[in-house]
Amino acid sequence: MHLVVQACILGVLTGGVYALMASGLTLVFGVMRVINVAQGALVILSAYLSWALFTHFQVDPFLSVLIVAPLIFALGVGVQLVFIRSLRSEQAEELSLLITWALALGIEGVLGAVYETTYRATNTSYANSAWTIFGYQVSVVRAYAFGLCVAVLVLLYLLLARTRFGRSVRATVQNPSSALLLGVNADRVRALAFGIGVSTAAAAGAVYGVLYPFNPGSHYDLISRLLSIVVLGGLGSVAGAVAAALMMGVVEAVVAVEISPVWSSFSYFVVLVAILLLRPQGFFGARERTL
Amino acid sequence: MSSAALLTAEGLTKRFGGVVAVEDCTFSVPTGTITALVGPNGSGKTTVFNLLTGYLRADAGTVAFAGRRIRRPDPIRLYRAGLTRTFQQARIFPDLTLVENLVVAIQQPWRTIVCRAIGRDDRSRAFELLEEFGLVQLAEARAGSLSYGQKKLLEFATVLMAEPQLVLLDEPTAGVNPVMVAAIETRIRELNARGLTFLVVEHNMNLVMRLCDPVIVLDHGTKLAEGRPADVRNDARVLDAYLGA
Amino acid sequence: MRWITPGGLLRGGGVFGLLAAFPFVERTDWIVNIGVFTLMYAGLATAWNLFSGYTGYISLGQAAFFGIGAYATGITFEHISIGSGYRPFYALPLIGLAVGLVSVPVAWVALRTRAMTFAIVTLMLLFIVQQLAFNLRSITHGSQGVAVPQPTFASNFDRPYYLAMLSVLALAMLICWYVRRSKLGLMLLGIRDDEEKARGLGVRVTGAKLIAWALSVGLTAMIGGIWGYYLFSIYPESAVDPLVMIGAVLMAFLGGKGTLWGPMIGAFVLVPAQQWALTSYGATRLYLIAYAGVFVLVLLLLPRGIVPSLADLVSRRRFRATDRPDVRPTVERVAS
Ligand SMILES: Nc1ncnc2c1ncn2[C@@H]1O[C@H](COP(=O)(O)OP(=O)(O)O)[C@@H](O)[C@H]1O
Ligand SMILES: [Mg+2]
């Protein structure tokens, strides 16, 4: 029992980080029907940036978010404007899936050219310390990372719920054509939403290197988790993504202690298949049917 | 016109989130009639069609077709049982030719999937219908290149391929030029004379009055009136609903 | 539409005759080696097209079955000594059949989703199978890989593989061609154009999709089987490789998905270039960057693919020549 509770704590903390990465992914899908396969690669890119800042300039990874996130935001806006916006055909959705996949390969290639395939990790002074609460171990970095991700999620929520830009985004998600009629500048909303969607990856990525070792190829593992989270939560639903990420984090951690760590990431897929059988549209998703 | 009902709906209800699109709707389509389903825009006519043909799952209510209750309406099974429909926005297969569009609608057993796409019989049946609908000279054209009115005609022709018992037409004449409207009216009359039953959603009231009997009026998802065209036309509630009083 | 036209027969016979003669004329090992990979990708892209091109459902999981086919060959070698030389090739149809059938329930689950979700779910399938290949040590030996005994072809080592790949490609093309002209093909194209409408016309959409899927997967697994035998050793990361998947999809897009010859043409354009880059840069990161670059260029500049674009050009020219302004050229049809 002790182990299971311990695993749940770990699961929630990890799930929070995935929740942040996945909410950017699902937000981008909601706004422009684009699945950004490069989300994982951008996380790894951010992890490298923050690792470099830490190694060469001793910038704490939790502070480097402030540098990395804007950079990736700019990159995201650029990518949207150059690659994704120009896809105007009726196959734009599929094509964007492939284009962002190509982008992921490109990022992997560049990172590999610069850093080789050795695994890196950002080892801060407090990397291995832990608090003991009611007899349970809580890793300090994981708690910080969780806190950071929750903070960014709250910011994201406020942005969507309270600002004019947020209203435009929500209008576009719900009904793109009427949003257009209501004078929403669709191109601008799309570019900014893409930027925001990938900068959530950046925020999570900056601390990713503190939690896990990574190399340029790590993005495949990441994107497979992120994709199962967004499908599970229902494509386009930020709340669904957060719920699914937390659930996945807990399931994975519990499987790791109860069955075997080897099978823990596999549990994602099992849960996904089960959910697809019962509810193909995910937790909060709308059925993809055209009538 | 008092013969048995081919289709009956009882207590049909459908909500979309907060919007109640269809509420406790009960009506029947007598065999051999051209029944009209009319009502202002947004009154739930298309939603009723979607519920009847299994494109949407009703929140409550039952549907019976040809004397049998349909527990879980499913478009494929209903089509095979003889109930078919057209869509408000004409839906055809744009990348297929007209003939291919028609042949897709012929029901065949699984073992024939290895046969050639368009057999000799399929072809003659398709040409027969294209002839009737005046589309025969376009038989080998891509359906996507047709005009909107022609697409509506093609869709109408398509649903007749499997010789259904009941055809639901969703606004067959909307966006169609007057000559074609006349053609569609003639087609409906002829097919009806041959024993085909229709349920028609239509905004052109003159056409409804000429063609249909009985007429069912829907407003805000509920049945407002039902009866002979003349009676319905003079019903005060119906006038209110249309004039928005 | 007649089943066999003289033109079609000439085209098919000519192309495959030339391809079959190639390794007997050109005997340089590394060139035939490039030929093997070209045919492999042509086969993969054609098999992918059979499902995704015809139904419009973009599957990103086909490479999982490539890997399963490869493992099937490897594991067969381990437990049953079916001999070396040409013998393993005769087991391929069985492997294809078995993998195709086994994949049907998987597809049935995945096909509960549509459009983008389907693409993602199939991509997940790729990762699931790779993970299984790592984890099921008792069968796959995990990251150590499965070793296949080296075959005993006296000389011209690559030629038998070349011919085997060519046979599967020919089979794939034949099936694609046949399906396109059959009732099944009509159902699939109907599904691609408007699945809901097809359901409303009584088309048993799920059955049709599953048949196309099983055919496509069976062919993919056979190609994987040959590949496993060719490389001697099968590792999870190379047998179930997202790069192989994206490569096949890219080629189908480049040539024109949904057309008969497009995917094969795409492979014949891209693979030699890819293999050349691979030998000159090695499997380094530069190679990845170049790959990504080509990919983006193809998608941005030629989103519809070579065959449809050419057909477009031809029919526009013909259209101008005949000068009949009332008939619009029927572009998409020419290609298929
Ligand atoms: N898929 C849907 N989701 C949400 N609301 C819908 C949907 N389909 C129809 N509605 C709503 O249901 C009501 C009835 O629509 P509809 O049946 O199309 O009316 P009609 O065909 O009579 O014009 C309208 O208010 C419409 O906005
Ligand atoms: Mg309507």
# chains A, B, ... in the order shown; residues from 1 in each chain; ligands from 1
call {"tool": "interface_residues", "arguments": {"of": "chain B", "to": "chain A", "cutoff": "12 Å", "atoms": "only C-alpha atoms", "output": "ChimeraX atom specification"}}
result
/B:16-17,46-47,49-51,53-56,86-91
call {"tool": "interface_residues", "arguments": {"of": "chain C", "to": "chain B", "cutoff": "7 Å", "atoms": "only C-alpha atoms", "output": "VMD selection string"}}
result
chain C and resid 181 to 184 186 to 187 190 193 to 194 197 199 to 204 330
call {"tool": "residues_near_ligand", "arguments": {"ligand": "ligand 2", "cutoff": "7 Å", "atoms": "only C-alpha atoms and all ligand atoms", "output": "MDAnalysis selection string"}}
result
chainID B and resid 41:42 44:46 88 170
call {"tool": "write_last_selection", "arguments": {"atoms": "all heavy atoms", "output": "short mmCIF file (atom, residue, chain, number, x, y, z; two decimals), in the first residue's frame"}}
result
data_model
loop_
_atom_site.label_atom_id
_atom_site.label_comp_id
_atom_site.auth_asym_id
_atom_site.auth_seq_id
_atom_site.Cartn_x
_atom_site.Cartn_y
_atom_site.Cartn_z
N ASN B 41 -37.17 27.57 -40.57
CA ASN B 41 -35.78 27.15 -40.45
C ASN B 41 -35.42 26.87 -39.00
O ASN B 41 -35.83 27.59 -38.11
CB ASN B 41 -34.85 28.26 -40.97
CG ASN B 41 -34.57 28.04 -42.45
OD1 ASN B 41 -34.49 26.91 -42.90
ND2 ASN B 41 -34.46 29.13 -43.18
N GLY B 42 -34.69 25.82 -38.78
CA GLY B 42 -34.25 25.51 -37.43
C GLY B 42 -35.32 24.85 -36.59
O GLY B 42 -35.16 24.70 -35.38
N GLY B 44 -36.16 21.79 -36.74
CA GLY B 44 -35.78 20.42 -36.39
C GLY B 44 -36.09 19.38 -37.45
O GLY B 44 -36.03 18.18 -37.17
N LYS B 45 -36.39 19.81 -38.67
CA LYS B 45 -36.78 18.85 -39.70
C LYS B 45 -35.62 17.93 -40.08
O LYS B 45 -35.77 16.70 -40.13
CB LYS B 45 -37.28 19.60 -40.95
CG LYS B 45 -38.39 20.59 -40.66
CD LYS B 45 -38.83 21.35 -41.88
CE LYS B 45 -37.74 22.22 -42.49
NZ LYS B 45 -37.43 23.44 -41.70
N THR B 46 -34.47 18.55 -40.33
CA THR B 46 -33.32 17.74 -40.71
C THR B 46 -32.93 16.81 -39.56
O THR B 46 -32.56 15.65 -39.78
CB THR B 46 -32.14 18.66 -41.09
OG1 THR B 46 -32.53 19.44 -42.21
CG2 THR B 46 -30.92 17.85 -41.43
N GLN B 88 -29.86 17.59 -47.19
CA GLN B 88 -30.22 18.97 -47.53
C GLN B 88 -29.18 19.59 -48.46
O GLN B 88 -29.49 20.17 -49.48
CB GLN B 88 -30.34 19.78 -46.24
CG GLN B 88 -30.85 21.17 -46.45
CD GLN B 88 -31.17 21.84 -45.11
OE1 GLN B 88 -31.33 21.17 -44.09
NE2 GLN B 88 -31.26 23.14 -45.12
N ASP B 170 -34.79 15.71 -48.30
CA ASP B 170 -34.57 16.91 -47.51
C ASP B 170 -34.39 18.10 -48.45
O ASP B 170 -33.34 18.24 -49.07
CB ASP B 170 -33.34 16.74 -46.61
CG ASP B 170 -33.35 17.71 -45.44
OD1 ASP B 170 -34.15 18.67 -45.49
OD2 ASP B 170 -32.57 17.51 -44.49
#
call {"tool": "interface_residues", "arguments": {"of": "chain A", "to": "chain C", "cutoff": "9 Å", "atoms": "only C-alpha atoms", "output": "PDB file with N, CA, C and O atoms, in the first residue's frame"}}
result
ATOM      1  N   ARG A  33      -6.853  22.409 -36.256  1.00  0.00           N
ATOM      2  CA  ARG A  33      -6.922  21.030 -36.732  1.00  0.00           C
ATOM      3  C   ARG A  33      -5.561  20.525 -37.197  1.00  0.00           C
ATOM      4  O   ARG A  33      -5.457  19.819 -38.190  1.00  0.00           O
ATOM      5  N   VAL A  34      -4.525  20.930 -36.477  1.00  0.00           N
ATOM      6  CA  VAL A  34      -3.179  20.469 -36.800  1.00  0.00           C
ATOM      7  C   VAL A  34      -2.674  19.664 -35.618  1.00  0.00           C
ATOM      8  O   VAL A  34      -2.739  20.114 -34.479  1.00  0.00           O
ATOM      9  N   ILE A  35      -2.208  18.437 -35.882  1.00  0.00           N
ATOM     10  CA  ILE A  35      -1.533  17.678 -34.835  1.00  0.00           C
ATOM     11  C   ILE A  35      -0.053  17.918 -35.008  1.00  0.00           C
ATOM     12  O   ILE A  35       0.536  17.586 -36.029  1.00  0.00           O
ATOM     13  N   PHE A  83       5.376  27.200 -42.837  1.00  0.00           N
ATOM     14  CA  PHE A  83       5.034  25.862 -43.314  1.00  0.00           C
ATOM     15  C   PHE A  83       3.544  25.561 -43.285  1.00  0.00           C
ATOM     16  O   PHE A  83       2.996  25.017 -44.221  1.00  0.00           O
ATOM     17  N   SER A  86       0.703  27.844 -45.315  1.00  0.00           N
ATOM     18  CA  SER A  86       0.640  27.754 -46.771  1.00  0.00           C
ATOM     19  C   SER A  86      -0.087  26.506 -47.251  1.00  0.00           C
ATOM     20  O   SER A  86      -0.332  26.346 -48.433  1.00  0.00           O
ATOM     21  N   LEU A  87      -0.421  25.614 -46.344  1.00  0.00           N
ATOM     22  CA  LEU A  87      -1.186  24.429 -46.741  1.00  0.00           C
ATOM     23  C   LEU A  87      -2.658  24.820 -46.831  1.00  0.00           C
ATOM     24  O   LEU A  87      -3.341  24.890 -45.842  1.00  0.00           O
ATOM     25  N   SER A  89      -4.877  23.432 -49.147  1.00  0.00           N
ATOM     26  CA  SER A  89      -5.735  22.487 -49.855  1.00  0.00           C
ATOM     27  C   SER A  89      -6.661  21.772 -48.880  1.00  0.00           C
ATOM     28  O   SER A  89      -6.572  21.946 -47.669  1.00  0.00           O
ATOM     29  N   GLN A  91      -6.561  18.862 -48.116  1.00  0.00           N
ATOM     30  CA  GLN A  91      -5.865  17.842 -47.330  1.00  0.00           C
ATOM     31  C   GLN A  91      -4.964  18.459 -46.267  1.00  0.00           C
ATOM     32  O   GLN A  91      -4.055  17.803 -45.773  1.00  0.00           O
ATOM     33  N   GLU A  93      -5.041  19.033 -43.213  1.00  0.00           N
ATOM     34  CA  GLU A  93      -4.858  18.364 -41.922  1.00  0.00           C
ATOM     35  C   GLU A  93      -3.826  17.256 -42.005  1.00  0.00           C
ATOM     36  O   GLU A  93      -2.886  17.204 -41.220  1.00  0.00           O
ATOM     37  N   GLU A  94      -4.006  16.366 -42.989  1.00  0.00           N
ATOM     38  CA  GLU A  94      -3.063  15.262 -43.132  1.00  0.00           C
ATOM     39  C   GLU A  94      -1.679  15.789 -43.446  1.00  0.00           C
ATOM     40  O   GLU A  94      -0.683  15.325 -42.909  1.00  0.00           O
ATOM     41  N   LEU A  95      -1.640  16.768 -44.345  1.00  0.00           N
ATOM     42  CA  LEU A  95      -0.334  17.287 -44.748  1.00  0.00           C
ATOM     43  C   LEU A  95       0.380  17.895 -43.551  1.00  0.00           C
ATOM     44  O   LEU A  95       1.588  17.743 -43.407  1.00  0.00           O
ATOM     45  N   SER A  96      -0.370  18.562 -42.681  1.00  0.00           N
ATOM     46  CA  SER A  96       0.289  19.204 -41.542  1.00  0.00           C
ATOM     47  C   SER A  96       0.846  18.155 -40.590  1.00  0.00           C
ATOM     48  O   SER A  96       1.888  18.352 -39.974  1.00  0.00           O
ATOM     49  N   LEU A  97       0.150  17.030 -40.503  1.00  0.00           N
ATOM     50  CA  LEU A  97       0.665  15.921 -39.686  1.00  0.00           C
ATOM     51  C   LEU A  97       2.045  15.505 -40.199  1.00  0.00           C
ATOM     52  O   LEU A  97       2.996  15.309 -39.438  1.00  0.00           O
ATOM     53  N   LEU A  98       2.149  15.395 -41.530  1.00  0.00           N
ATOM     54  CA  LEU A  98       3.410  14.940 -42.114  1.00  0.00           C
ATOM     55  C   LEU A  98       4.473  16.027 -42.041  1.00  0.00           C
ATOM     56  O   LEU A  98       5.640  15.751 -41.773  1.00  0.00           O
ATOM     57  N   ILE A  99       4.060  17.267 -42.274  1.00  0.00           N
ATOM     58  CA  ILE A  99       5.032  18.376 -42.218  1.00  0.00           C
ATOM     59  C   ILE A  99       5.624  18.498 -40.819  1.00  0.00           C
ATOM     60  O   ILE A  99       6.830  18.663 -40.655  1.00  0.00           O
ATOM     61  N   THR A 100       4.772  18.399 -39.804  1.00  0.00           N
ATOM     62  CA  THR A 100       5.326  18.543 -38.456  1.00  0.00           C
ATOM     63  C   THR A 100       6.182  17.333 -38.103  1.00  0.00           C
ATOM     64  O   THR A 100       7.130  17.451 -37.341  1.00  0.00           O
ATOM     65  N   TRP A 101       5.857  16.191 -38.691  1.00  0.00           N
ATOM     66  CA  TRP A 101       6.725  15.023 -38.494  1.00  0.00           C
ATOM     67  C   TRP A 101       8.099  15.309 -39.106  1.00  0.00           C
ATOM     68  O   TRP A 101       9.145  15.060 -38.494  1.00  0.00           O
ATOM     69  N   ALA A 102       8.088  15.867 -40.305  1.00  0.00           N
ATOM     70  CA  ALA A 102       9.349  16.223 -40.948  1.00  0.00           C
ATOM     71  C   ALA A 102      10.118  17.214 -40.087  1.00  0.00           C
ATOM     72  O   ALA A 102      11.338  17.122 -39.933  1.00  0.00           O
ATOM     73  N   LEU A 103       9.373  18.150 -39.511  1.00  0.00           N
ATOM     74  CA  LEU A 103       9.992  19.142 -38.631  1.00  0.00           C
ATOM     75  C   LEU A 103      10.671  18.446 -37.454  1.00  0.00           C
ATOM     76  O   LEU A 103      11.800  18.785 -37.069  1.00  0.00           O
ATOM     77  N   ALA A 104       9.994  17.444 -36.899  1.00  0.00           N
ATOM     78  CA  ALA A 104      10.563  16.691 -35.780  1.00  0.00           C
ATOM     79  C   ALA A 104      11.872  16.028 -36.213  1.00  0.00           C
ATOM     80  O   ALA A 104      12.868  16.067 -35.485  1.00  0.00           O
ATOM     81  N   LEU A 105      11.866  15.443 -37.415  1.00  0.00           N
ATOM     82  CA  LEU A 105      13.089  14.811 -37.922  1.00  0.00           C
ATOM     83  C   LEU A 105      14.193  15.841 -38.071  1.00  0.00           C
ATOM     84  O   LEU A 105      15.355  15.589 -37.729  1.00  0.00           O
ATOM     85  N   GLY A 106      13.804  17.016 -38.597  1.00  0.00           N
ATOM     86  CA  GLY A 106      14.790  18.078 -38.791  1.00  0.00           C
ATOM     87  C   GLY A 106      15.413  18.492 -37.463  1.00  0.00           C
ATOM     88  O   GLY A 106      16.634  18.628 -37.359  1.00  0.00           O
ATOM     89  N   ILE A 107      14.565  18.668 -36.454  1.00  0.00           N
ATOM     90  CA  ILE A 107      15.082  19.070 -35.141  1.00  0.00           C
ATOM     91  C   ILE A 107      15.991  17.982 -34.580  1.00  0.00           C
ATOM     92  O   ILE A 107      17.083  18.257 -34.075  1.00  0.00           O
ATOM     93  N   GLU A 108      15.546  16.732 -34.732  1.00  0.00           N
ATOM     94  CA  GLU A 108      16.367  15.611 -34.257  1.00  0.00           C
ATOM     95  C   GLU A 108      17.721  15.624 -34.954  1.00  0.00           C
ATOM     96  O   GLU A 108      18.767  15.444 -34.320  1.00  0.00           O
ATOM     97  N   GLY A 109      17.670  15.880 -36.274  1.00  0.00           N
ATOM     98  CA  GLY A 109      18.907  15.907 -37.040  1.00  0.00           C
ATOM     99  C   GLY A 109      19.845  17.003 -36.576  1.00  0.00           C
ATOM    100  O   GLY A 109      21.042  16.780 -36.377  1.00  0.00           O
ATOM    101  N   VAL A 110      19.317  18.202 -36.388  1.00  0.00           N
ATOM    102  CA  VAL A 110      20.153  19.334 -35.971  1.00  0.00           C
ATOM    103  C   VAL A 110      20.748  19.073 -34.593  1.00  0.00           C
ATOM    104  O   VAL A 110      21.953  19.257 -34.372  1.00  0.00           O
ATOM    105  N   LEU A 111      19.895  18.601 -33.673  1.00  0.00           N
ATOM    106  CA  LEU A 111      20.399  18.320 -32.327  1.00  0.00           C
ATOM    107  C   LEU A 111      21.473  17.244 -32.366  1.00  0.00           C
ATOM    108  O   LEU A 111      22.490  17.344 -31.666  1.00  0.00           O
ATOM    109  N   GLY A 112      21.256  16.247 -33.224  1.00  0.00           N
ATOM    110  CA  GLY A 112      22.234  15.170 -33.331  1.00  0.00           C
ATOM    111  C   GLY A 112      23.549  15.677 -33.893  1.00  0.00           C
ATOM    112  O   GLY A 112      24.629  15.267 -33.455  1.00  0.00           O
ATOM    113  N   ALA A 113      23.450  16.601 -34.863  1.00  0.00           N
ATOM    114  CA  ALA A 113      24.659  17.143 -35.468  1.00  0.00           C
ATOM    115  C   ALA A 113      25.446  17.952 -34.431  1.00  0.00           C
ATOM    116  O   ALA A 113      26.672  17.927 -34.411  1.00  0.00           O
ATOM    117  N   GLU A 116      25.595  15.138 -30.787  1.00  0.00           N
ATOM    118  CA  GLU A 116      25.752  13.677 -30.877  1.00  0.00           C
ATOM    119  C   GLU A 116      24.598  12.985 -30.155  1.00  0.00           C
ATOM    120  O   GLU A 116      23.629  13.623 -29.769  1.00  0.00           O
ATOM    121  N   TYR A 220      10.661  10.555 -29.809  1.00  0.00           N
ATOM    122  CA  TYR A 220       9.668   9.547 -30.215  1.00  0.00           C
ATOM    123  C   TYR A 220       8.887   9.026 -29.024  1.00  0.00           C
ATOM    124  O   TYR A 220       7.674   8.890 -29.064  1.00  0.00           O
ATOM    125  N   ASP A 221       9.632   8.745 -27.966  1.00  0.00           N
ATOM    126  CA  ASP A 221       8.991   8.256 -26.762  1.00  0.00           C
ATOM    127  C   ASP A 221       8.009   9.298 -26.230  1.00  0.00           C
ATOM    128  O   ASP A 221       6.871   8.991 -25.876  1.00  0.00           O
ATOM    129  N   SER A 224       4.854   9.769 -28.447  1.00  0.00           N
ATOM    130  CA  SER A 224       3.885   8.676 -28.364  1.00  0.00           C
ATOM    131  C   SER A 224       3.064   8.817 -27.084  1.00  0.00           C
ATOM    132  O   SER A 224       1.861   8.565 -27.085  1.00  0.00           O
ATOM    133  N   ARG A 225       3.692   9.248 -26.002  1.00  0.00           N
ATOM    134  CA  ARG A 225       2.907   9.487 -24.791  1.00  0.00           C
ATOM    135  C   ARG A 225       1.932  10.642 -24.991  1.00  0.00           C
ATOM    136  O   ARG A 225       0.759  10.560 -24.630  1.00  0.00           O
ATOM    137  N   LEU A 227       0.639  11.885 -27.662  1.00  0.00           N
ATOM    138  CA  LEU A 227      -0.468  11.590 -28.564  1.00  0.00           C
ATOM    139  C   LEU A 227      -1.515  10.732 -27.877  1.00  0.00           C
ATOM    140  O   LEU A 227      -2.716  10.959 -28.017  1.00  0.00           O
ATOM    141  N   SER A 228      -1.040   9.735 -27.101  1.00  0.00           N
ATOM    142  CA  SER A 228      -2.062   8.912 -26.449  1.00  0.00           C
ATOM    143  C   SER A 228      -2.822   9.748 -25.427  1.00  0.00           C
ATOM    144  O   SER A 228      -4.027   9.558 -25.250  1.00  0.00           O
ATOM    145  N   VAL A 231      -5.429  11.926 -27.399  1.00  0.00           N
ATOM    146  CA  VAL A 231      -6.527  11.113 -27.945  1.00  0.00           C
ATOM    147  C   VAL A 231      -7.440  10.656 -26.810  1.00  0.00           C
ATOM    148  O   VAL A 231      -8.658  10.697 -26.911  1.00  0.00           O
ATOM    149  N   LEU A 235      -9.541  14.911 -28.651  1.00  0.00           N
ATOM    150  CA  LEU A 235      -8.757  15.898 -29.387  1.00  0.00           C
ATOM    151  C   LEU A 235      -9.368  17.281 -29.268  1.00  0.00           C
ATOM    152  O   LEU A 235     -10.559  17.461 -29.494  1.00  0.00           O
ATOM    153  N   VAL A 262       9.472  -2.224 -16.856  1.00  0.00           N
ATOM    154  CA  VAL A 262       9.596  -2.465 -18.295  1.00  0.00           C
ATOM    155  C   VAL A 262       8.256  -2.240 -18.984  1.00  0.00           C
ATOM    156  O   VAL A 262       8.173  -1.748 -20.101  1.00  0.00           O
ATOM    157  N   TRP A 263       7.197  -2.605 -18.298  1.00  0.00           N
ATOM    158  CA  TRP A 263       5.879  -2.542 -18.923  1.00  0.00           C
ATOM    159  C   TRP A 263       5.144  -1.243 -18.620  1.00  0.00           C
ATOM    160  O   TRP A 263       4.013  -1.063 -19.045  1.00  0.00           O
ATOM    161  N   SER A 265       5.472   2.001 -19.458  1.00  0.00           N
ATOM    162  CA  SER A 265       5.027   2.916 -20.513  1.00  0.00           C
ATOM    163  C   SER A 265       4.048   2.216 -21.443  1.00  0.00           C
ATOM    164  O   SER A 265       3.280   2.846 -22.166  1.00  0.00           O
ATOM    165  N   PHE A 266       4.058   0.896 -21.394  1.00  0.00           N
ATOM    166  CA  PHE A 266       3.112   0.146 -22.202  1.00  0.00           C
ATOM    167  C   PHE A 266       1.683   0.313 -21.695  1.00  0.00           C
ATOM    168  O   PHE A 266       0.728   0.196 -22.459  1.00  0.00           O
ATOM    169  N   PHE A 269      -0.732   2.455 -23.573  1.00  0.00           N
ATOM    170  CA  PHE A 269      -1.378   1.950 -24.778  1.00  0.00           C
ATOM    171  C   PHE A 269      -2.559   1.066 -24.419  1.00  0.00           C
ATOM    172  O   PHE A 269      -3.579   1.090 -25.089  1.00  0.00           O
ATOM    173  N   LEU A 272      -5.322   3.223 -23.536  1.00  0.00           N
ATOM    174  CA  LEU A 272      -5.822   3.879 -24.747  1.00  0.00           C
ATOM    175  C   LEU A 272      -6.748   2.946 -25.528  1.00  0.00           C
ATOM    176  O   LEU A 272      -7.838   3.336 -25.944  1.00  0.00           O
ATOM    177  N   VAL A 273      -6.313   1.715 -25.708  1.00  0.00           N
ATOM    178  CA  VAL A 273      -7.138   0.770 -26.468  1.00  0.00           C
ATOM    179  C   VAL A 273      -8.468   0.549 -25.763  1.00  0.00           C
ATOM    180  O   VAL A 273      -9.536   0.549 -26.385  1.00  0.00           O
ATOM    181  N   LEU A 276     -10.655   3.499 -26.318  1.00  0.00           N
ATOM    182  CA  LEU A 276     -11.138   3.593 -27.700  1.00  0.00           C
ATOM    183  C   LEU A 276     -12.291   2.628 -27.940  1.00  0.00           C
ATOM    184  O   LEU A 276     -13.197   2.906 -28.717  1.00  0.00           O
ATOM    185  N   LEU A 277     -12.229   1.488 -27.278  1.00  0.00           N
ATOM    186  CA  LEU A 277     -13.310   0.526 -27.446  1.00  0.00           C
ATOM    187  C   LEU A 277     -14.610   1.075 -26.873  1.00  0.00           C
ATOM    188  O   LEU A 277     -15.681   0.894 -27.437  1.00  0.00           O
ATOM    189  N   ARG A 279     -15.198   4.447 -25.829  1.00  0.00           N
ATOM    190  CA  ARG A 279     -15.528   5.831 -26.147  1.00  0.00           C
ATOM    191  C   ARG A 279     -14.527   6.360 -27.153  1.00  0.00           C
ATOM    192  O   ARG A 279     -13.550   7.019 -26.795  1.00  0.00           O
ATOM    193  N   PRO A 280     -14.767   6.092 -28.449  1.00  0.00           N
ATOM    194  CA  PRO A 280     -13.765   6.429 -29.468  1.00  0.00           C
ATOM    195  C   PRO A 280     -13.425   7.923 -29.487  1.00  0.00           C
ATOM    196  O   PRO A 280     -12.371   8.291 -29.977  1.00  0.00           O
ATOM    197  N   GLN A 281     -14.281   8.765 -28.960  1.00  0.00           N
ATOM    198  CA  GLN A 281     -13.987  10.197 -29.030  1.00  0.00           C
ATOM    199  C   GLN A 281     -13.196  10.694 -27.832  1.00  0.00           C
ATOM    200  O   GLN A 281     -12.984  11.886 -27.682  1.00  0.00           O
ATOM    201  N   ARG A 287     -17.542  13.562 -31.219  1.00  0.00           N
ATOM    202  CA  ARG A 287     -17.386  12.517 -32.219  1.00  0.00           C
ATOM    203  C   ARG A 287     -17.039  13.142 -33.551  1.00  0.00           C
ATOM    204  O   ARG A 287     -17.659  14.121 -33.943  1.00  0.00           O
ATOM    205  N   GLU A 288     -16.068  12.557 -34.212  1.00  0.00           N
ATOM    206  CA  GLU A 288     -15.723  13.112 -35.517  1.00  0.00           C
ATOM    207  C   GLU A 288     -16.626  12.541 -36.587  1.00  0.00           C
ATOM    208  O   GLU A 288     -16.328  11.559 -37.235  1.00  0.00           O
ATOM    209  N   ARG A 289     -17.776  13.138 -36.721  1.00  0.00           N
ATOM    210  CA  ARG A 289     -18.718  12.685 -37.737  1.00  0.00           C
ATOM    211  C   ARG A 289     -19.175  13.912 -38.485  1.00  0.00           C
ATOM    212  O   ARG A 289     -19.457  14.932 -37.884  1.00  0.00           O
ATOM    213  N   THR A 290     -19.292  13.791 -39.756  1.00  0.00           N
ATOM    214  CA  THR A 290     -19.788  14.931 -40.503  1.00  0.00           C
ATOM    215  C   THR A 290     -21.171  14.618 -41.018  1.00  0.00           C
ATOM    216  O   THR A 290     -21.378  13.637 -41.703  1.00  0.00           O
ATOM    217  N   LEU A 291     -22.102  15.438 -40.632  1.00  0.00           N
ATOM    218  CA  LEU A 291     -23.467  15.199 -41.091  1.00  0.00           C
ATOM    219  C   LEU A 291     -23.915  16.343 -41.975  1.00  0.00           C
ATOM    220  O   LEU A 291     -23.527  17.457 -41.787  1.00  0.00           O
TER     221      LEU A 291
END
call {"tool": "select_by_dssp", "arguments": {"residues": "region 104-232 of chain B", "states": "helix (DSSP H, G or I)", "output": "number ranges by chain"}}
result
B: 104, 110-114, 120-132, 136-138, 143-145, 148-159, 178-193, 205-211, 229-232
call {"tool": "atom_distance", "arguments": {"atom1": "CA of Arg210 (chain B)", "atom2": "CA of Leu154 (chain B)"}}
result
23.6 Å
